[in-house]
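Notes follow the structure.
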Amino acid sequence: MSALASGSAAVARAAGRASRALGRGGGTSVPGVVLLKINPGAVGALAASLGGGTALVSATNGKTTTTRLLAGALRSDGAEVVTNGAGANLLTGVAAALAGSRPRRGTTARGLFECDEAALPAVASRVHPRAIVLMNLFRDQLDRHGELEAIADRWHTMLATLSPSTRLVLGADDPAIAALGDGRDVLWFGIDDPSVTMDALPHAADSTRCRVCAAPLAYDAVWIGHLGRWVCPSCGYGRPDLDVAVTHAGLEGASGSHPRVRTPEGEVRLHLTLPGLHNVLNATAALAGAIAMGVPAQAAAAAISEVPAAFGRAETITVDGRELVLLLAKNPAGANENVRTLLLDPGEHDLLVALNDRIADGRDVSWIWDVDWEPLLPRVRRLTATGERAADLALRFRYAGLPDERLHVIPDHTAALTDALAATPVGTRLEVLPTYTAMHDIRADLVARGAAGDFWDD
């Protein structure tokens, strides 16, 4: 690494420390802003200095969890990992993580960066990744990203500019992702467990037309949203054969799962505290990413099984004798999977559903009408709706048939959390389904109560 890049990184780190000391926050992005301002080329130089190469992870759903799981796998052979684990996934966040990296002399270091869907091309052009993990594309934040086809087109253009040596790790179950692999070196991952097939495509399914000829796709298995085993009856284009495949999901409700996964190195078993089929797929993506980066499958699987939940993603916290689980629900596909997961657990449910409409959530909240809440509601003992758009939630649940006596509308998130916890019987669980900024609001309430560690402690 050049002295100029090293010096620029030192200045950027000092800026981050000053920002935190002044109480202005920005600790995860200010160093990146400074680094890009004073030396735009430093990002590439710092990434190139990581002898173990760099991996990037992007998707609509699951990129934070997958990055966290993959980080554990990449450390399994003793390597240091430079990563934006705090979730700052724009170019400034990646630059900040690289500026803060100072691997020990004589050690192998790998880079691993979660990337926002729109930010991925800018990051990839600078860090020249050894591997890119692309998992899924769902409707999300349409006011910022546009339709998912627009993201897929931008990614396709990006991939054409990368070195042929970059290994693609692609989710074969998503037709839009699969189309990105044509003519490339790809490690395909996905699901091959008939027991988790849904009866039909959900009405909120997004990408259901062939990327080659635009004809409607046919599915003989549907896993999550539009993810499944698909083929185009018109041109014959279909899901690629899987290299890394879930052969048994092993779902056990909100307590986790014990999947079996076929890899090029033989079958491995995972033991996840993260619930739901979506997290089985996230873990499989992490496993495939680790294999692409040269980590043996068995070692990667063992390390992934030891990684706890990411900030607000199936994170479990004990509060006043009750278990509270945070299940991020920011779009129809993610919320539907949370509902599906909760249905695996017997008995009644106490829910706190929180909906905000800030920039990071997306201003358009009409997506709540595409969530299939109805199968869960007969088993809901009590539901508290909160957030800036609590009234919209209340209307949705009333139309779904939830009786008024079981629905409590409290827009203020602090008051709603207090009320929902007090109404949840001691020894049971409160399940919290928040959008992105609502998750931060509620978790801040938990920190204020002393029930959870602060963001910087995670």
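Ordering of the structure tokens sets the chain letters (A, B, ...); residue numbers start at 1 within each chain; ligands are numbered from 1 in the order shown.
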Spatial neighbours of region 108-110 of chain A, 12 Å, only C-alpha atoms, chain gap at least 3 places, as a PyMOL selection string: chain A and resi 46-56+70-83+98+101-105+113+127+129-131+290+293-295
Mind writing the picked residues with N, CA and C atoms as a compact mmCIF listing (two decimals), in the first residue's frame?
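Just written: part00.txt:
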# COMPACT_ATOMS: atom_id res chain seq x y z
N LEU A 46 -6.25 0.56 -0.77
CA LEU A 46 -6.45 -0.14 0.50
C LEU A 46 -7.02 -1.53 0.28
N ALA A 47 -7.96 -1.67 -0.66
CA ALA A 47 -8.52 -2.98 -0.96
C ALA A 47 -7.46 -3.90 -1.55
N ALA A 48 -6.62 -3.37 -2.42
CA ALA A 48 -5.58 -4.18 -3.05
C ALA A 48 -4.55 -4.68 -2.05
N SER A 49 -4.43 -4.00 -0.92
CA SER A 49 -3.44 -4.40 0.08
C SER A 49 -3.90 -5.60 0.91
N LEU A 50 -5.16 -6.00 0.76
CA LEU A 50 -5.69 -7.15 1.50
C LEU A 50 -5.32 -8.42 0.73
N GLY A 51 -4.37 -9.17 1.25
CA GLY A 51 -3.82 -10.29 0.51
C GLY A 51 -4.80 -11.41 0.22
N GLY A 52 -5.86 -11.51 1.00
CA GLY A 52 -6.82 -12.60 0.81
C GLY A 52 -7.94 -12.27 -0.15
N GLY A 53 -7.92 -11.09 -0.77
CA GLY A 53 -8.97 -10.71 -1.70
C GLY A 53 -10.19 -10.16 -0.99
N THR A 54 -11.12 -9.68 -1.80
CA THR A 54 -12.33 -9.03 -1.28
C THR A 54 -13.58 -9.67 -1.86
N ALA A 55 -14.60 -9.82 -1.02
CA ALA A 55 -15.91 -10.31 -1.46
C ALA A 55 -16.94 -9.22 -1.20
N LEU A 56 -17.92 -9.11 -2.11
CA LEU A 56 -19.03 -8.19 -1.96
C LEU A 56 -20.33 -8.97 -1.88
N LEU A 70 -21.04 -14.74 6.58
CA LEU A 70 -19.86 -14.94 5.75
C LEU A 70 -18.60 -14.45 6.45
N ALA A 71 -18.70 -13.37 7.20
CA ALA A 71 -17.54 -12.88 7.96
C ALA A 71 -17.03 -13.95 8.91
N GLY A 72 -17.96 -14.63 9.60
CA GLY A 72 -17.55 -15.72 10.49
C GLY A 72 -16.84 -16.82 9.74
N ALA A 73 -17.35 -17.18 8.56
CA ALA A 73 -16.72 -18.23 7.77
C ALA A 73 -15.34 -17.82 7.28
N LEU A 74 -15.18 -16.57 6.88
CA LEU A 74 -13.89 -16.11 6.37
C LEU A 74 -12.83 -16.01 7.46
N ARG A 75 -13.28 -15.94 8.71
CA ARG A 75 -12.32 -15.92 9.83
C ARG A 75 -11.96 -17.32 10.31
N SER A 76 -12.61 -18.34 9.77
CA SER A 76 -12.46 -19.69 10.33
C SER A 76 -11.06 -20.25 10.19
N ASP A 77 -10.27 -19.73 9.24
CA ASP A 77 -8.89 -20.21 9.09
C ASP A 77 -7.88 -19.24 9.68
N GLY A 78 -8.36 -18.33 10.52
CA GLY A 78 -7.47 -17.40 11.20
C GLY A 78 -7.26 -16.08 10.49
N ALA A 79 -7.86 -15.90 9.33
CA ALA A 79 -7.68 -14.65 8.60
C ALA A 79 -8.39 -13.50 9.29
N GLU A 80 -7.82 -12.31 9.20
CA GLU A 80 -8.52 -11.11 9.64
C GLU A 80 -9.51 -10.70 8.54
N VAL A 81 -10.63 -10.14 8.93
CA VAL A 81 -11.64 -9.71 7.96
C VAL A 81 -11.93 -8.23 8.16
N VAL A 82 -11.74 -7.47 7.11
CA VAL A 82 -12.08 -6.05 7.11
C VAL A 82 -13.49 -5.94 6.53
N THR A 83 -14.44 -5.46 7.32
CA THR A 83 -15.83 -5.48 6.88
C THR A 83 -16.59 -4.28 7.44
N LEU A 98 -12.46 0.42 5.13
CA LEU A 98 -11.10 0.24 4.65
C LEU A 98 -10.14 1.23 5.33
N SER A 101 -9.08 -0.07 8.68
CA SER A 101 -8.41 -1.38 8.73
C SER A 101 -6.91 -1.23 8.89
N ARG A 102 -6.39 -1.96 9.86
CA ARG A 102 -4.94 -2.01 10.03
C ARG A 102 -4.56 -3.44 10.40
N PRO A 103 -4.63 -4.37 9.41
CA PRO A 103 -4.32 -5.78 9.69
C PRO A 103 -2.93 -5.94 10.28
N ARG A 104 -2.81 -6.91 11.17
CA ARG A 104 -1.51 -7.17 11.79
C ARG A 104 -0.51 -7.65 10.76
N ARG A 105 0.72 -7.21 10.89
CA ARG A 105 1.77 -7.59 9.97
C ARG A 105 1.95 -9.11 9.97
N PHE A 113 -17.65 -6.79 2.13
CA PHE A 113 -18.47 -5.60 2.23
C PHE A 113 -19.89 -5.85 1.76
N VAL A 127 -12.95 -1.72 -5.79
CA VAL A 127 -12.25 -2.73 -4.97
C VAL A 127 -11.84 -3.97 -5.76
N PRO A 129 -13.33 -6.98 -6.80
CA PRO A 129 -13.55 -8.13 -5.91
C PRO A 129 -13.10 -9.46 -6.49
N ARG A 130 -12.72 -10.34 -5.59
CA ARG A 130 -12.43 -11.72 -5.95
C ARG A 130 -13.72 -12.50 -6.14
N ALA A 131 -14.76 -12.15 -5.37
CA ALA A 131 -16.06 -12.82 -5.47
C ALA A 131 -17.17 -11.81 -5.19
N ALA A 290 -18.13 -18.36 1.01
CA ALA A 290 -16.90 -18.79 1.65
C ALA A 290 -16.14 -19.78 0.77
N MET A 293 -14.32 -18.10 -1.88
CA MET A 293 -13.14 -17.39 -1.37
C MET A 293 -12.06 -18.35 -0.87
N GLY A 294 -12.26 -19.66 -1.07
CA GLY A 294 -11.23 -20.63 -0.74
C GLY A 294 -11.30 -21.24 0.63
N VAL A 295 -12.40 -21.05 1.37
CA VAL A 295 -12.55 -21.64 2.69
C VAL A 295 -13.19 -23.02 2.55
Region 321-335 of chain A surroundings by only C-alpha atoms, 8 Å radius, close-in-sequence under 5 positions cut, as a ChimeraX atom specification: /A:61,138-140,204-205,224-225,312-316,361,367-368,370-371,421,424-436,439
Atomic separation - CA of Gly87 (chain A) relative to CA of Arg363 (chain A), Å: 21.0 Å
Per residue of region 331-445 of chain A within 12 Å of region 144-158 of chain A, which atom pair is closest and at what distance in Å (one decimal), using only C-alpha atoms, listed by chain and increasing number, as a tab-separated table?
residue	atom	partner	partner_atom	distance
A:Arg358	CA	A:Arg144	CA	11.5
A:Ile359	CA	A:Arg144	CA	8.3
A:Ala360	CA	A:Arg144	CA	9.1
A:Asp361	CA	A:Arg144	CA	9.9
A:Gly362	CA	A:Arg144	CA	7.4
A:Arg363	CA	A:Arg144	CA	9.2
A:Asp364	CA	A:Arg144	CA	10.4
Polymer residues at most 9 Å from His408 (chain A), only C-alpha atoms, same-chain spacing of 3 or more positions, as a PyMOL selection string: chain A and resi 382-386+394+404-405+416+420
Would you save the residues from that selection as a compact mmCIF listing (two decimals), in the first residue's frame, using N, CA and C atoms?
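Output saved as result_3.txt:
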# COMPACT_ATOMS: atom_id res chain seq x y z
N ARG A 382 -52.91 -10.70 20.72
CA ARG A 382 -52.94 -9.24 20.83
C ARG A 382 -51.95 -8.66 19.84
N LEU A 383 -52.36 -7.61 19.13
CA LEU A 383 -51.48 -6.97 18.15
C LEU A 383 -51.45 -5.47 18.42
N THR A 384 -50.25 -4.94 18.58
CA THR A 384 -50.07 -3.50 18.76
C THR A 384 -49.47 -2.93 17.48
N ALA A 385 -50.15 -1.94 16.89
CA ALA A 385 -49.66 -1.26 15.69
C ALA A 385 -49.05 0.07 16.11
N THR A 386 -47.82 0.34 15.61
CA THR A 386 -47.14 1.57 16.00
C THR A 386 -46.36 2.13 14.82
N ALA A 394 -53.37 -0.27 11.06
CA ALA A 394 -54.66 -0.58 11.69
C ALA A 394 -55.72 -0.85 10.63
N ASP A 404 -61.45 -5.73 16.77
CA ASP A 404 -60.97 -4.51 17.38
C ASP A 404 -60.40 -4.73 18.78
N GLU A 405 -60.99 -5.65 19.54
CA GLU A 405 -60.51 -5.85 20.91
C GLU A 405 -59.10 -6.45 20.97
N ALA A 416 -45.81 2.39 22.74
CA ALA A 416 -46.30 1.12 22.20
C ALA A 416 -45.51 -0.06 22.75
N ALA A 420 -47.13 -3.00 24.91
CA ALA A 420 -47.11 -4.36 24.38
C ALA A 420 -46.39 -5.31 25.33
Those of region 121-312 of chain A in DSSP helix (DSSP H, G or I), formatted as a ChimeraX atom specification: /A:121-127,142-145,148-161,175-181,194-196,277-292,297-304
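Take the candidates A:Gly171, A:Trp230, A:Gly453, A:Leu287 and check each one against Ser58 (chain A) using only C-alpha atoms; the shortest distance goes to A:Gly171.
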Distance query region 233-248 of chain A at most 9 Å, only C-alpha atoms, self and fewer than 3 positions along chain excluded, as a ChimeraX atom specification: /A:172-175,178,187-196,210-213,215-218,228-230,251,258-264,280-281,284-285,287-288
Write to file, as an mmCIF file, in the first residue's frame, the residues of the selection just made, with C-alpha atoms.
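So the final result, stored in out.cif, reads:
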data_model
loop_
_atom_site.group_PDB
_atom_site.id
_atom_site.type_symbol
_atom_site.label_atom_id
_atom_site.label_comp_id
_atom_site.auth_asym_id
_atom_site.auth_seq_id
_atom_site.Cartn_x
_atom_site.Cartn_y
_atom_site.Cartn_z
ATOM 1 C CA ALA A 172 -30.249 -19.612 -8.961
ATOM 2 C CA ASP A 173 -33.784 -19.593 -7.534
ATOM 3 C CA ASP A 174 -34.298 -15.953 -8.560
ATOM 4 C CA PRO A 175 -34.798 -15.619 -12.336
ATOM 5 C CA ALA A 178 -29.793 -16.240 -12.641
ATOM 6 C CA LEU A 187 -21.103 -20.902 -8.220
ATOM 7 C CA TRP A 188 -24.872 -21.453 -8.062
ATOM 8 C CA PHE A 189 -26.718 -21.802 -4.761
ATOM 9 C CA GLY A 190 -30.344 -22.408 -3.868
ATOM 10 C CA ILE A 191 -32.921 -24.781 -2.406
ATOM 11 C CA ASP A 192 -33.732 -28.373 -3.354
ATOM 12 C CA ASP A 193 -36.060 -29.406 -0.516
ATOM 13 C CA PRO A 194 -39.575 -30.307 -1.728
ATOM 14 C CA SER A 195 -40.915 -30.171 1.844
ATOM 15 C CA VAL A 196 -40.770 -26.346 1.915
ATOM 16 C CA CYS A 210 -38.289 -14.884 -18.557
ATOM 17 C CA ARG A 211 -35.290 -12.571 -18.828
ATOM 18 C CA VAL A 212 -34.530 -14.024 -22.279
ATOM 19 C CA CYS A 213 -37.877 -13.859 -24.096
ATOM 20 C CA ALA A 215 -42.718 -15.034 -21.566
ATOM 21 C CA PRO A 216 -44.362 -15.999 -18.243
ATOM 22 C CA LEU A 217 -42.315 -18.516 -16.248
ATOM 23 C CA ALA A 218 -43.643 -21.848 -15.023
ATOM 24 C CA GLY A 228 -38.194 -21.366 -6.772
ATOM 25 C CA ARG A 229 -37.557 -24.015 -9.413
ATOM 26 C CA TRP A 230 -38.625 -22.316 -12.617
ATOM 27 C CA LEU A 251 -37.034 -25.516 10.091
ATOM 28 C CA HIS A 258 -30.813 -27.365 11.230
ATOM 29 C CA PRO A 259 -30.364 -27.505 7.465
ATOM 30 C CA ARG A 260 -28.370 -29.994 5.418
ATOM 31 C CA VAL A 261 -26.536 -28.525 2.440
ATOM 32 C CA ARG A 262 -24.928 -30.282 -0.512
ATOM 33 C CA THR A 263 -21.645 -28.721 -1.659
ATOM 34 C CA PRO A 264 -18.938 -29.639 -4.193
ATOM 35 C CA VAL A 280 -31.517 -20.900 5.701
ATOM 36 C CA LEU A 281 -31.026 -19.381 2.254
ATOM 37 C CA THR A 284 -26.392 -21.073 2.204
ATOM 38 C CA ALA A 285 -25.358 -17.932 0.330
ATOM 39 C CA LEU A 287 -21.475 -20.872 2.708
ATOM 40 C CA ALA A 288 -21.228 -20.590 -1.078
#
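With CA of Ala444 (chain A) on one side and CA of His413 (chain A) on the other, the separation reads 10.2 Å.
If only C-alpha atoms are the atoms counted, then among A:Gly111, A:Val409, A:Val43, A:Asn84 the closest residue to Val123 (chain A) is A:Val43.
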Sel. of strand (DSSP E or B) residues, region 274-454 of chain A, as a PyMOL selection string: chain A and resi 313-319+322-327+349-354+380-386+407-409+429-434
Can you write just those residues out, C-alpha atoms, as a PDB file, in the first residue's frame?
ATOM      1  CA  ARG A 313     -32.491  -9.397  12.392  1.00  0.00           C
ATOM      2  CA  ALA A 314     -34.023 -12.204  14.473  1.00  0.00           C
ATOM      3  CA  GLU A 315     -32.195 -10.701  17.452  1.00  0.00           C
ATOM      4  CA  THR A 316     -33.597 -12.029  20.745  1.00  0.00           C
ATOM      5  CA  ILE A 317     -33.573  -9.849  23.869  1.00  0.00           C
ATOM      6  CA  THR A 318     -34.901 -10.596  27.362  1.00  0.00           C
ATOM      7  CA  VAL A 319     -37.000  -7.771  28.825  1.00  0.00           C
ATOM      8  CA  ARG A 322     -40.291 -11.794  28.581  1.00  0.00           C
ATOM      9  CA  GLU A 323     -38.445 -12.783  25.430  1.00  0.00           C
ATOM     10  CA  LEU A 324     -38.585 -10.177  22.670  1.00  0.00           C
ATOM     11  CA  VAL A 325     -37.552 -11.107  19.135  1.00  0.00           C
ATOM     12  CA  LEU A 326     -36.939  -8.479  16.446  1.00  0.00           C
ATOM     13  CA  LEU A 327     -37.867  -9.638  12.934  1.00  0.00           C
ATOM     14  CA  HIS A 349     -48.848 -14.837  19.357  1.00  0.00           C
ATOM     15  CA  ASP A 350     -48.346 -11.365  20.814  1.00  0.00           C
ATOM     16  CA  LEU A 351     -47.230  -8.991  18.059  1.00  0.00           C
ATOM     17  CA  LEU A 352     -45.864  -5.460  17.850  1.00  0.00           C
ATOM     18  CA  VAL A 353     -45.868  -4.296  14.217  1.00  0.00           C
ATOM     19  CA  ALA A 354     -44.125  -0.990  13.472  1.00  0.00           C
ATOM     20  CA  VAL A 380     -52.848 -13.489  17.342  1.00  0.00           C
ATOM     21  CA  ARG A 381     -53.794 -12.927  20.971  1.00  0.00           C
ATOM     22  CA  ARG A 382     -52.941  -9.238  20.833  1.00  0.00           C
ATOM     23  CA  LEU A 383     -51.478  -6.968  18.152  1.00  0.00           C
ATOM     24  CA  THR A 384     -50.067  -3.498  18.759  1.00  0.00           C
ATOM     25  CA  ALA A 385     -49.657  -1.263  15.693  1.00  0.00           C
ATOM     26  CA  THR A 386     -47.137   1.567  16.000  1.00  0.00           C
ATOM     27  CA  LEU A 407     -55.921  -4.533  17.943  1.00  0.00           C
ATOM     28  CA  HIS A 408     -54.249  -1.655  19.814  1.00  0.00           C
ATOM     29  CA  VAL A 409     -53.041   1.400  17.891  1.00  0.00           C
ATOM     30  CA  ARG A 429     -42.560 -13.950  23.797  1.00  0.00           C
ATOM     31  CA  LEU A 430     -43.337 -10.630  22.137  1.00  0.00           C
ATOM     32  CA  GLU A 431     -42.654 -10.761  18.409  1.00  0.00           C
ATOM     33  CA  VAL A 432     -41.726  -7.395  16.915  1.00  0.00           C
ATOM     34  CA  LEU A 433     -42.005  -6.848  13.153  1.00  0.00           C
ATOM     35  CA  PRO A 434     -40.616  -3.375  12.335  1.00  0.00           C
TER      36      PRO A 434
END
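Each of A:Ala45, A:Ala95, A:Leu393, A:Leu270 was checked against Glu114 (chain A) using only C-alpha atoms; the smallest atom-to-atom distance is that of A:Ala95.
With CA of Thr64 (chain A) on one side and CA of Asn282 (chain A) on the other, the separation reads 9.4 Å.
Shell of Gly276 (chain A) at 7 Å, with only C-alpha atoms counted and residues fewer than 6 places along the chain excluded, is Leu251, Gly253, Gly256, Glu337 and Thr341 of chain A.
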Keeping C-alpha atoms, export the residues of the selection given above as a short mmCIF file (atom, residue, chain, number, x, y, z; two decimals), in the first residue's frame.
data_model
loop_
_atom_site.label_atom_id
_atom_site.label_comp_id
_atom_site.auth_asym_id
_atom_site.auth_seq_id
_atom_site.Cartn_x
_atom_site.Cartn_y
_atom_site.Cartn_z
CA LEU A 251 -37.03 -25.52 10.09
CA GLY A 253 -40.06 -22.20 14.03
CA GLY A 256 -33.92 -21.67 14.38
CA GLU A 337 -41.43 -15.06 5.45
CA THR A 341 -41.95 -18.64 10.28
#
